[in-house]
>>> print(open('coords01.cif').read())   # mmCIF, C-alpha atoms and all ligand atoms
data_protein
#
loop_
_atom_site.label_atom_id
_atom_site.label_comp_id
_atom_site.auth_asym_id
_atom_site.auth_seq_id
_atom_site.Cartn_x
_atom_site.Cartn_y
_atom_site.Cartn_z
CA MET A 24 -11.46 -0.44 -35.34
CA GLN A 25 -9.00 -1.38 -38.10
CA HIS A 26 -7.02 1.81 -37.48
CA LEU A 27 -6.70 1.25 -33.75
CA MET A 28 -3.42 -0.22 -32.64
CA ASN A 29 -4.08 -3.72 -31.47
CA THR A 30 -3.29 -3.28 -27.77
CA TYR A 31 -6.56 -4.50 -26.22
CA ALA A 32 -8.67 -7.63 -26.53
CA ARG A 33 -11.90 -5.65 -26.52
CA LEU A 34 -15.30 -7.05 -25.64
CA PRO A 35 -17.97 -6.61 -28.32
CA VAL A 36 -19.97 -3.87 -26.64
CA ALA A 37 -19.98 -0.06 -26.59
CA PHE A 38 -21.84 1.98 -24.01
CA ALA A 39 -23.98 4.97 -24.88
CA TYR A 40 -24.61 6.41 -21.42
CA GLY A 41 -24.63 5.57 -17.76
CA GLN A 42 -26.57 6.30 -14.63
CA GLY A 43 -25.28 5.59 -11.13
CA GLY A 44 -24.11 1.98 -11.02
CA TRP A 45 -25.54 1.09 -14.43
CA LEU A 46 -24.36 1.38 -18.03
CA PHE A 47 -26.55 1.25 -21.15
CA ASP A 48 -25.33 0.04 -24.54
CA GLU A 49 -26.27 1.42 -27.93
CA ALA A 50 -29.22 -0.99 -28.15
CA GLY A 51 -30.58 0.10 -24.75
CA LYS A 52 -29.56 -3.07 -22.87
CA ARG A 53 -28.50 -2.33 -19.30
CA TYR A 54 -25.48 -3.64 -17.41
CA LEU A 55 -24.73 -3.56 -13.71
CA ASP A 56 -21.29 -1.95 -13.51
CA ALA A 57 -19.23 -3.94 -11.00
CA LEU A 58 -15.96 -2.72 -12.51
CA ALA A 59 -16.30 1.09 -12.59
CA GLY A 60 -13.83 1.43 -15.45
CA ILE A 61 -11.29 -0.52 -13.34
CA ALA A 62 -11.78 1.38 -10.06
CA VAL A 63 -12.01 4.73 -11.83
CA ASN A 64 -15.66 5.81 -11.72
CA THR A 65 -15.78 6.46 -7.99
CA LEU A 66 -19.05 8.38 -8.30
CA GLY A 67 -20.56 6.01 -10.87
CA HIS A 68 -21.94 7.48 -14.07
CA GLY A 69 -23.64 10.81 -14.67
CA HIS A 70 -23.27 12.01 -11.07
CA PRO A 71 -25.11 15.37 -11.03
CA ARG A 72 -22.60 17.13 -8.76
CA LEU A 73 -19.65 16.01 -10.87
CA VAL A 74 -21.38 16.90 -14.13
CA SER A 75 -22.27 20.40 -12.99
CA ALA A 76 -18.85 21.09 -11.44
CA LEU A 77 -17.10 19.96 -14.64
CA THR A 78 -19.44 21.89 -16.90
CA ALA A 79 -18.95 25.08 -14.92
CA GLN A 80 -15.15 24.68 -14.84
CA ALA A 81 -14.92 23.78 -18.54
CA ALA A 82 -16.72 27.00 -19.39
CA LYS A 83 -14.18 29.00 -17.34
CA LEU A 84 -10.82 27.28 -17.96
CA ILE A 85 -9.73 23.79 -18.90
CA HIS A 86 -5.96 24.13 -19.05
CA THR A 87 -3.40 26.81 -18.41
CA SER A 88 0.07 25.48 -17.60
CA ASN A 89 2.27 24.59 -14.67
CA LEU A 90 4.27 27.66 -15.67
CA TYR A 91 1.59 29.52 -13.69
CA ARG A 92 -0.14 29.09 -10.38
CA ILE A 93 -3.23 26.87 -10.50
CA PRO A 94 -5.49 27.56 -7.49
CA GLN A 95 -7.54 24.37 -7.95
CA GLN A 96 -4.29 22.38 -7.85
CA GLU A 97 -3.18 24.13 -4.67
CA GLN A 98 -6.54 23.41 -3.07
CA LEU A 99 -6.42 19.75 -4.08
CA ALA A 100 -2.87 19.39 -2.77
CA ASP A 101 -3.96 20.89 0.60
CA ARG A 102 -6.89 18.53 0.70
CA LEU A 103 -4.94 15.34 -0.15
CA ALA A 104 -2.06 16.25 2.16
CA SER A 105 -4.49 16.68 5.02
CA LEU A 106 -6.41 13.45 4.30
CA ALA A 107 -3.16 11.49 4.11
CA GLY A 108 -1.31 13.34 6.88
CA MET A 109 1.47 13.99 4.36
CA ASP A 110 3.37 17.10 3.25
CA GLU A 111 3.32 17.72 -0.51
CA VAL A 112 1.88 16.55 -3.81
CA PHE A 113 2.98 16.32 -7.46
CA PHE A 114 0.18 15.96 -10.03
CA CYS A 115 0.27 13.93 -13.23
CA ASN A 116 -2.29 12.13 -15.39
CA SER A 117 -2.18 8.42 -14.61
CA GLY A 118 -1.03 5.70 -12.26
CA CYS A 119 2.14 4.80 -14.12
CA GLU A 120 3.18 8.45 -14.16
CA ALA A 121 2.54 8.74 -10.43
CA ASN A 122 4.78 5.70 -9.91
CA GLU A 123 7.41 7.10 -12.29
CA ALA A 124 7.48 10.18 -10.07
CA ALA A 125 7.86 7.99 -6.98
CA ILE A 126 10.67 5.96 -8.55
CA LYS A 127 12.52 9.10 -9.68
CA LEU A 128 12.01 10.65 -6.25
CA ALA A 129 13.47 7.56 -4.55
CA ARG A 130 16.50 7.55 -6.86
CA LEU A 131 17.14 11.25 -6.32
CA TYR A 132 16.76 10.73 -2.57
CA GLY A 133 19.36 7.95 -2.81
CA HIS A 134 21.80 10.08 -4.77
CA GLN A 135 21.38 12.93 -2.30
CA ARG A 136 22.45 10.47 0.41
CA GLY A 137 25.48 9.29 -1.54
CA VAL A 138 24.04 6.05 -2.96
CA ASP A 139 25.21 5.97 -6.61
CA THR A 140 23.19 2.96 -7.76
CA PRO A 141 20.01 3.18 -5.68
CA ALA A 142 17.71 0.14 -5.60
CA ILE A 143 14.01 -0.14 -4.79
CA ILE A 144 12.45 -3.25 -3.27
CA VAL A 145 9.33 -4.39 -5.17
CA MET A 146 7.00 -7.37 -4.76
CA ASP A 147 6.02 -10.55 -6.58
CA LYS A 148 2.71 -10.12 -8.46
CA ALA A 149 2.93 -6.34 -8.15
CA PHE A 150 1.45 -4.10 -10.81
CA HIS A 151 2.76 -0.56 -11.16
CA GLY A 152 2.06 0.31 -14.79
CA ARG A 153 3.20 -0.05 -18.40
CA THR A 154 5.97 2.52 -18.85
CA LEU A 155 9.49 1.12 -18.95
CA ALA A 156 10.34 1.83 -15.33
CA THR A 157 6.95 0.80 -13.97
CA LEU A 158 6.77 -2.42 -16.01
CA SER A 159 10.23 -3.22 -14.68
CA ALA A 160 8.85 -2.72 -11.15
CA THR A 161 5.83 -4.88 -12.00
CA GLY A 162 6.02 -8.51 -10.93
CA SER A 163 4.52 -10.14 -14.00
CA ARG A 164 6.50 -11.65 -16.86
CA LYS A 165 3.50 -11.15 -19.15
CA VAL A 166 3.85 -7.39 -18.72
CA GLN A 167 7.63 -7.41 -19.24
CA ALA A 168 8.17 -9.99 -21.97
CA GLY A 169 9.49 -8.49 -25.18
CA PHE A 170 10.43 -5.16 -23.66
CA GLU A 171 13.87 -6.03 -22.36
CA PRO A 172 16.27 -4.60 -21.45
CA LEU A 173 14.32 -3.74 -18.32
CA VAL A 174 15.13 -0.75 -16.16
CA SER A 175 17.58 -1.88 -13.49
CA GLY A 176 17.57 -0.97 -9.83
CA PHE A 177 14.70 -3.14 -8.57
CA VAL A 178 15.05 -5.96 -6.04
CA ARG A 179 12.10 -8.35 -6.00
CA VAL A 180 10.78 -10.07 -2.86
CA PRO A 181 7.69 -12.17 -2.07
CA PHE A 182 4.58 -10.16 -1.13
CA ASP A 183 3.60 -10.01 2.54
CA ASP A 184 6.81 -11.77 3.61
CA LEU A 185 9.00 -9.97 6.13
CA ALA A 186 11.88 -12.45 6.42
CA THR A 187 13.10 -11.86 2.85
CA ILE A 188 13.11 -8.10 3.35
CA GLU A 189 15.13 -8.46 6.52
CA GLY A 190 17.58 -10.57 4.51
CA VAL A 191 17.85 -7.91 1.81
CA ALA A 192 18.42 -5.27 4.50
CA GLN A 193 21.45 -7.25 5.75
CA HIS A 194 23.06 -7.66 2.33
CA ASN A 195 22.11 -4.80 0.03
CA ALA A 196 23.47 -1.38 0.93
CA ASN A 197 21.97 0.18 -2.20
CA VAL A 198 18.34 -0.11 -1.13
CA VAL A 199 16.72 3.31 -0.72
CA ALA A 200 13.01 2.49 -0.81
CA VAL A 201 10.26 -0.13 -0.78
CA LEU A 202 7.36 0.19 -3.25
CA PHE A 203 4.27 -1.94 -2.74
CA GLU A 204 0.47 -2.12 -2.96
CA PRO A 205 -1.34 -2.54 0.39
CA ILE A 206 -3.85 -4.57 -1.63
CA GLN A 207 -2.62 -5.94 -4.94
CA GLY A 208 -5.27 -5.35 -7.57
CA GLU A 209 -4.06 -6.80 -10.88
CA GLY A 210 -2.16 -9.46 -8.91
CA GLY A 211 -5.47 -10.99 -7.75
CA ILE A 212 -6.83 -8.92 -4.79
CA ASN A 213 -4.03 -9.96 -2.41
CA LEU A 214 -4.14 -8.24 0.97
CA ALA A 215 -1.00 -7.38 2.92
CA HIS A 216 -1.39 -8.12 6.64
CA HIS A 217 -1.54 -5.01 8.80
CA ASP A 218 1.26 -6.39 11.01
CA TYR A 219 3.41 -6.79 7.92
CA MET A 220 2.80 -3.18 6.89
CA ARG A 221 3.64 -1.93 10.38
CA ALA A 222 6.84 -3.97 10.47
CA LEU A 223 7.82 -2.77 7.02
CA ARG A 224 7.17 0.81 8.09
CA ARG A 225 9.47 0.28 11.08
CA ILE A 226 12.27 -1.27 8.99
CA CYS A 227 12.07 1.62 6.52
CA SER A 228 12.32 4.17 9.33
CA GLU A 229 15.28 2.38 10.93
CA ARG A 230 17.15 2.03 7.63
CA GLY A 231 16.31 5.42 6.16
CA TRP A 232 14.44 3.73 3.28
CA LEU A 233 11.40 5.43 1.81
CA PHE A 234 8.18 3.53 2.51
CA MET A 235 6.25 3.99 -0.74
CA VAL A 236 2.69 2.74 -1.20
CA ASP A 237 1.00 2.39 -4.57
CA GLU A 238 -2.66 3.15 -3.79
CA VAL A 239 -3.59 3.75 -7.42
CA GLN A 240 -6.27 1.05 -7.20
CA CYS A 241 -6.96 0.57 -3.48
CA GLY A 242 -6.95 4.24 -2.42
CA LEU A 243 -9.60 6.97 -2.31
CA GLY A 244 -12.21 5.46 -0.03
CA ARG A 245 -12.62 2.11 -1.76
CA THR A 246 -11.66 0.07 1.32
CA GLY A 247 -13.66 2.16 3.79
CA LYS A 248 -10.82 4.51 4.70
CA TRP A 249 -9.34 7.24 2.55
CA PHE A 250 -6.27 5.08 1.96
CA ALA A 251 -5.82 1.34 2.46
CA HIS A 252 -2.59 1.69 4.47
CA GLN A 253 -4.52 3.71 7.08
CA HIS A 254 -6.12 0.44 8.27
CA ALA A 255 -2.66 -0.41 9.64
CA GLY A 256 -2.37 2.95 11.42
CA ILE A 257 0.77 4.00 9.58
CA THR A 258 1.84 6.90 7.34
CA PRO A 259 4.00 6.32 4.26
CA ASP A 260 6.82 8.54 3.02
CA VAL A 261 5.49 8.39 -0.53
CA MET A 262 2.04 7.48 -1.86
CA THR A 263 0.78 7.28 -5.43
CA LEU A 264 -2.83 7.77 -6.52
CA ALA A 265 -4.71 7.87 -9.82
CA LYS A 266 -7.64 5.70 -10.99
CA GLY A 267 -10.51 6.79 -8.69
CA LEU A 268 -9.14 10.27 -7.95
CA GLY A 269 -10.94 12.11 -10.77
CA SER A 270 -13.98 9.82 -11.17
CA GLY A 271 -13.04 9.42 -14.84
CA LEU A 272 -11.05 12.57 -15.59
CA PRO A 273 -7.39 11.55 -15.96
CA ILE A 274 -5.41 12.66 -12.92
CA GLY A 275 -2.66 11.05 -10.87
CA ALA A 276 -0.76 12.19 -7.81
CA CYS A 277 2.47 11.42 -6.02
CA LEU A 278 2.49 12.49 -2.36
CA ALA A 279 5.60 12.84 -0.24
CA SER A 280 6.19 13.35 3.43
CA GLY A 281 8.99 13.75 5.96
CA ARG A 282 12.33 12.71 4.47
CA ALA A 283 10.75 12.34 1.03
CA ALA A 284 9.43 15.91 1.00
CA GLY A 285 11.61 18.57 -0.59
CA VAL A 286 13.61 16.05 -2.66
CA PHE A 287 12.41 17.39 -6.03
CA LYS A 288 13.53 20.88 -7.02
CA PRO A 289 12.43 22.91 -10.07
CA GLY A 290 13.68 21.15 -13.19
CA ASN A 291 13.77 17.64 -11.68
CA HIS A 292 10.33 16.56 -12.83
CA GLY A 293 7.23 17.83 -14.60
CA SER A 294 4.11 17.19 -16.65
CA THR A 295 2.43 19.41 -19.24
CA PHE A 296 -1.12 18.35 -18.44
CA GLY A 297 -0.57 17.35 -14.81
CA GLY A 298 -3.08 18.87 -12.39
CA ASN A 299 -4.89 21.14 -14.85
CA PRO A 300 -7.92 23.06 -13.55
CA LEU A 301 -10.53 20.68 -15.01
CA ALA A 302 -8.90 17.51 -13.68
CA CYS A 303 -8.41 19.11 -10.25
CA VAL A 304 -12.07 20.14 -10.08
CA ALA A 305 -13.01 16.53 -10.89
CA ALA A 306 -10.84 15.35 -8.01
CA LEU A 307 -12.02 18.04 -5.57
CA THR A 308 -15.64 17.16 -6.36
CA THR A 309 -14.91 13.45 -5.96
CA LEU A 310 -13.42 14.06 -2.51
CA ASP A 311 -16.33 16.36 -1.55
CA VAL A 312 -18.96 13.80 -2.51
CA ILE A 313 -17.10 10.89 -0.84
CA GLU A 314 -17.14 12.95 2.34
CA SER A 315 -20.61 14.52 2.24
CA ASP A 316 -22.41 11.37 1.09
CA GLY A 317 -20.65 8.98 3.47
CA LEU A 318 -19.26 6.89 0.62
CA MET A 319 -16.46 5.35 2.66
CA LEU A 320 -18.95 3.98 5.15
CA ASN A 321 -21.00 2.76 2.20
CA ALA A 322 -17.96 1.06 0.64
CA HIS A 323 -17.19 -0.69 3.91
CA ALA A 324 -20.77 -1.80 4.60
CA LEU A 325 -21.47 -2.94 1.04
CA GLY A 326 -18.16 -4.78 0.89
CA GLU A 327 -19.11 -6.77 3.98
CA ARG A 328 -22.58 -7.36 2.58
CA ILE A 329 -21.30 -8.53 -0.80
CA ARG A 330 -18.66 -10.89 0.66
CA ALA A 331 -21.19 -12.34 3.11
CA GLY A 332 -23.65 -12.73 0.22
CA PHE A 333 -21.10 -14.62 -1.87
CA ALA A 334 -20.02 -16.72 1.10
CA SER A 335 -23.55 -17.98 1.51
CA ALA A 336 -24.47 -18.16 -2.22
CA LEU A 337 -21.26 -20.04 -3.02
CA ALA A 338 -21.05 -22.14 0.15
CA ASN A 339 -20.12 -25.73 -0.73
CA THR A 340 -19.57 -24.80 -4.37
CA LYS A 341 -16.68 -26.95 -5.54
CA GLY A 342 -14.06 -24.90 -7.35
CA VAL A 343 -14.36 -21.74 -5.25
CA VAL A 344 -10.99 -21.39 -3.53
CA ASP A 345 -11.39 -18.08 -1.68
CA ILE A 346 -13.62 -15.02 -1.33
CA ARG A 347 -11.61 -12.02 -0.20
CA GLY A 348 -11.14 -8.28 -0.29
CA ASP A 349 -11.67 -5.12 1.66
CA GLY A 350 -14.58 -2.75 1.08
CA LEU A 351 -15.44 -2.54 -2.59
CA MET A 352 -12.31 -4.31 -3.75
CA ILE A 353 -13.47 -7.89 -4.05
CA GLY A 354 -11.96 -11.07 -5.47
CA ILE A 355 -13.31 -14.59 -5.82
CA GLU A 356 -10.53 -17.05 -6.57
CA LEU A 357 -11.50 -20.17 -8.49
CA ASP A 358 -9.49 -23.34 -8.96
CA ARG A 359 -9.15 -22.83 -12.73
CA PRO A 360 -8.68 -20.08 -15.33
CA CYS A 361 -12.04 -18.34 -15.71
CA GLY A 362 -11.67 -15.53 -18.25
CA GLU A 363 -14.81 -16.86 -19.94
CA ILE A 364 -16.94 -15.52 -17.10
CA VAL A 365 -16.45 -11.98 -18.38
CA GLN A 366 -18.30 -12.65 -21.66
CA ARG A 367 -20.97 -14.65 -19.83
CA GLY A 368 -21.44 -11.66 -17.52
CA LEU A 369 -21.79 -9.36 -20.48
CA ASP A 370 -24.52 -11.59 -21.90
CA ALA A 371 -26.27 -11.63 -18.52
CA GLY A 372 -25.94 -7.86 -18.04
CA VAL A 373 -23.20 -7.51 -15.42
CA LEU A 374 -19.69 -6.13 -15.94
CA LEU A 375 -17.10 -8.28 -14.17
CA ASN A 376 -13.39 -8.69 -14.65
CA VAL A 377 -10.98 -11.58 -14.28
CA THR A 378 -7.43 -10.94 -13.15
CA ALA A 379 -4.47 -13.21 -12.40
CA ASP A 380 -6.24 -15.86 -14.58
CA LYS A 381 -8.37 -17.32 -11.81
CA VAL A 382 -9.72 -14.39 -9.80
CA VAL A 383 -13.11 -12.85 -10.56
CA ARG A 384 -12.58 -9.20 -9.61
CA MET A 385 -15.23 -6.67 -8.66
CA LEU A 386 -14.55 -2.95 -8.14
CA PRO A 387 -17.98 -1.31 -8.14
CA PRO A 388 -18.44 2.45 -7.87
CA LEU A 389 -18.62 3.82 -4.33
CA ILE A 390 -22.18 5.07 -4.96
CA PHE A 391 -23.46 1.46 -5.31
CA SER A 392 -26.73 0.87 -3.44
CA GLU A 393 -27.74 -2.14 -1.34
CA ALA A 394 -30.04 -3.19 -4.18
CA ASP A 395 -27.13 -2.99 -6.65
CA ALA A 396 -24.98 -5.02 -4.24
CA ASP A 397 -27.61 -7.73 -3.82
CA GLN A 398 -28.15 -7.91 -7.55
CA LEU A 399 -24.41 -8.24 -8.08
CA VAL A 400 -24.23 -11.16 -5.66
CA ALA A 401 -27.20 -12.88 -7.31
CA MET A 402 -25.91 -12.42 -10.86
CA ALA A 403 -22.22 -13.15 -10.25
CA SER A 404 -22.79 -16.18 -8.03
CA ALA A 405 -25.13 -17.69 -10.65
CA LEU A 406 -22.49 -17.12 -13.33
CA ILE A 407 -19.76 -18.65 -11.17
CA ARG A 408 -21.87 -21.69 -10.29
CA ASP A 409 -22.80 -22.26 -13.95
CA PHE A 410 -19.19 -21.86 -15.04
CA LEU A 411 -17.89 -24.31 -12.45
CA ARG A 412 -20.60 -26.85 -13.25
CA ALA A 413 -19.80 -26.85 -16.98
C1 LIG B 501 -3.81 0.59 -12.75
C2 LIG B 501 -2.66 0.62 -11.84
C3 LIG B 501 -1.48 1.32 -12.19
C4 LIG B 501 -1.28 1.98 -13.52
O1 LIG B 501 -2.18 3.02 -13.73
P1 LIG B 501 -2.36 3.65 -15.21
O2 LIG B 501 -3.25 4.83 -14.96
O3 LIG B 501 -2.98 2.60 -16.06
O4 LIG B 501 -1.01 4.03 -15.68
C5 LIG B 501 -0.47 1.37 -11.26
N1 LIG B 501 -0.59 0.77 -10.06
C6 LIG B 501 -1.69 0.09 -9.70
C7 LIG B 501 -1.78 -0.53 -8.35
C8 LIG B 501 -2.76 -0.01 -10.59
O5 LIG B 501 -3.84 -0.71 -10.24
#
>>> encode(input="coords01.cif", output="structure tokens")
Amino acid sequence: MQHLMNTYARLPVAFAYGQGGWLFDEAGKRYLDALAGIAVNTLGHGHPRLVSALTAQAAKLIHTSNLYRIPQQEQLADRLASLAGMDEVFFCNSGCEANEAAIKLARLYGHQRGVDTPAIIVMDKAFHGRTLATLSATGSRKVQAGFEPLVSGFVRVPFDDLATIEGVAQHNANVVAVLFEPIQGEGGINLAHHDYMRALRRICSERGWLFMVDEVQCGLGRTGKWFAHQHAGITPDVMTLAKGLGSGLPIGACLASGRAAGVFKPGNHGSTFGGNPLACVAALTTLDVIESDGLMLNAHALGERIRAGFASALANTKGVVDIRGDGLMIGIELDRPCGEIVQRGLDAGVLLNVTADKVVRMLPPLIFSEADADQLVAMASALIRDFLRA
């Protein structure tokens, strides 16, 4: 550890292997995984179809280069474009890179339309990543502090608030795009109203702005649809994906449609690793299993079950402010900072997370079973009650 750069406050545990919704540490103790590597392990741990697909692909080819055609990448692009009803896809390796691509695309789009200093509307409490442009787009001082000067060209507005955006539309001729999360993850599991998303979509169409959704955390089946914005019955111009796409293999994607398609030309953007054969097979297998095993339906049903379970287990518990979420993206807001619950969960054998100081966040794998869900409710509600009583 002493040679690792000190960028994480790590918990004192290391896992040796995993199975489905469970992880096992080096001493053999088991933990219910309600975090899935922060919404990454869509198929849980050790999924036999993923393991065999990756093993077979690794034996054939891991990486070639984007200097050549990559059939697995073409297949994955076809698949994602069809699921999203969008036109084209750029592949990278992470969420921040997907958002970098979206930000560059929006700027280039602006320049092509004669806007010399293009601006992108972003939201309070947003999280878009840790690179310079994406931390500048992020709505958290904690993420930005010490890294000034920030990248310019972002206009910040309150989340889920239409009036401010209409105001910006009247006064700022440089705006070329809006970037936002349909459900804010790091910001505390904050859901945008469907009416708001539809209105925003309409304003973007009227103004010629790109409607860009960051679905890095909420996308890929977690909310019971392929993508969270689909609950509002709309299609974005740009969408970014990463976390759950490869079930643990690093892969990110930036999709574009309509006016946003065809903006990038050869030489405008690139990635050495982006969309290599192994990562694309991980993503193709993830999509296959989500579809064939009905995992979106599972995510929806278990989400309802878990929230109902918490609502009854935590009814009349003083200090519980709100229980919210969609599908397997769940937050329980308390009336005080509760980071301590994470260590208590570790001791009890359940992996939880706390975000935005006061929100206990759960992002279980989409292969969770009803038994896993019930156990999560029992364990987490006991921890929350004990914490609030202390
Ligand atoms: C995690 C996250 C990112 C950043 O993804 P990285 O892979 O860590 O770069 C961006 N946007 C959202 C909504 C996220 O949850």
>>> closest_residue(input="coords01.cif", among="A:Gly290, A:Glu204, A:Thr30, A:Gly211", to="Gly354 (chain A)", atoms="all atoms listed in the file")
A:Gly211
>>> residues_near_ligand(input="coords01.cif", ligand="ligand LIG 501 (chain B)", cutoff="8 Å", atoms="only C-alpha atoms and all ligand atoms", output="list in words")
Ile61, Asn116, Ser117, Gly118, Cys119, Glu120, Ala121, Asn122, Ala149, Phe150, His151, Gly152, Arg153, Thr154, Thr157, Glu204, Gln207, Gly208, Glu209, Asp237, Glu238, Val239, Gln240, Cys241, Ala265, Lys266, Pro273 and Gly275 of chain A
>>> closest_residue(input="coords01.cif", among="A:Gly332, A:Gly247, A:Gly350, A:Gly210", to="Thr161 (chain A)", atoms="only C-alpha atoms")
A:Gly210
>>> closest_residue(input="coords01.cif", among="A:Ile257, A:Leu90, A:Val198, A:Ala251", to="Arg221 (chain A)", atoms="all atoms listed in the file")
A:Ile257
>>> atom_distance(input="coords01.cif", atom1="CA of Trp45 (chain A)", atom2="CA of Asn29 (chain A)")
27.8 Å
>>> decode(input="coords01.cif", residues="region 64-109 of chain A", atoms="C-alpha atoms", output="compact mmCIF listing (two decimals), in the first residue's frame")
# COMPACT_ATOMS: atom_id res chain seq x y z
CA ASN A 64 -20.90 -5.53 -12.14
CA THR A 65 -24.19 -5.76 -14.00
CA LEU A 66 -24.01 -9.56 -14.11
CA GLY A 67 -22.67 -9.90 -10.56
CA HIS A 68 -19.54 -11.96 -10.02
CA GLY A 69 -18.32 -15.05 -11.84
CA HIS A 70 -21.22 -15.11 -14.32
CA PRO A 71 -20.61 -18.31 -16.34
CA ARG A 72 -21.65 -16.81 -19.69
CA LEU A 73 -19.41 -13.79 -19.23
CA VAL A 74 -16.48 -15.88 -18.04
CA SER A 75 -16.65 -18.25 -20.98
CA ALA A 76 -17.16 -15.48 -23.56
CA LEU A 77 -14.16 -13.56 -22.19
CA THR A 78 -11.97 -16.63 -21.96
CA ALA A 79 -12.73 -17.60 -25.54
CA GLN A 80 -12.13 -14.06 -26.84
CA ALA A 81 -8.91 -13.61 -24.83
CA ALA A 82 -7.52 -16.74 -26.43
CA LYS A 83 -8.27 -15.35 -29.91
CA LEU A 84 -7.52 -11.61 -29.67
CA ILE A 85 -7.47 -9.05 -26.88
CA HIS A 86 -6.44 -5.89 -28.69
CA THR A 87 -5.67 -4.86 -32.23
CA SER A 88 -6.09 -1.14 -32.89
CA ASN A 89 -8.61 1.36 -34.15
CA LEU A 90 -6.33 1.64 -37.17
CA TYR A 91 -8.17 -1.50 -38.32
CA ARG A 92 -11.74 -2.67 -38.45
CA ILE A 93 -12.96 -4.37 -35.27
CA PRO A 94 -16.01 -6.55 -36.00
CA GLN A 95 -17.00 -6.88 -32.32
CA GLN A 96 -17.02 -3.07 -32.08
CA GLU A 97 -19.20 -2.77 -35.18
CA GLN A 98 -21.61 -5.32 -33.76
CA LEU A 99 -21.76 -3.54 -30.40
CA ALA A 100 -22.35 -0.18 -32.08
CA ASP A 101 -25.24 -1.69 -34.10
CA ARG A 102 -26.68 -3.16 -30.95
CA LEU A 103 -26.45 0.01 -28.82
CA ALA A 104 -27.71 2.23 -31.64
CA SER A 105 -30.75 0.02 -32.03
CA LEU A 106 -31.47 -0.19 -28.28
CA ALA A 107 -31.20 3.59 -27.95
CA GLY A 108 -32.82 4.48 -31.28
CA MET A 109 -29.70 6.51 -32.06
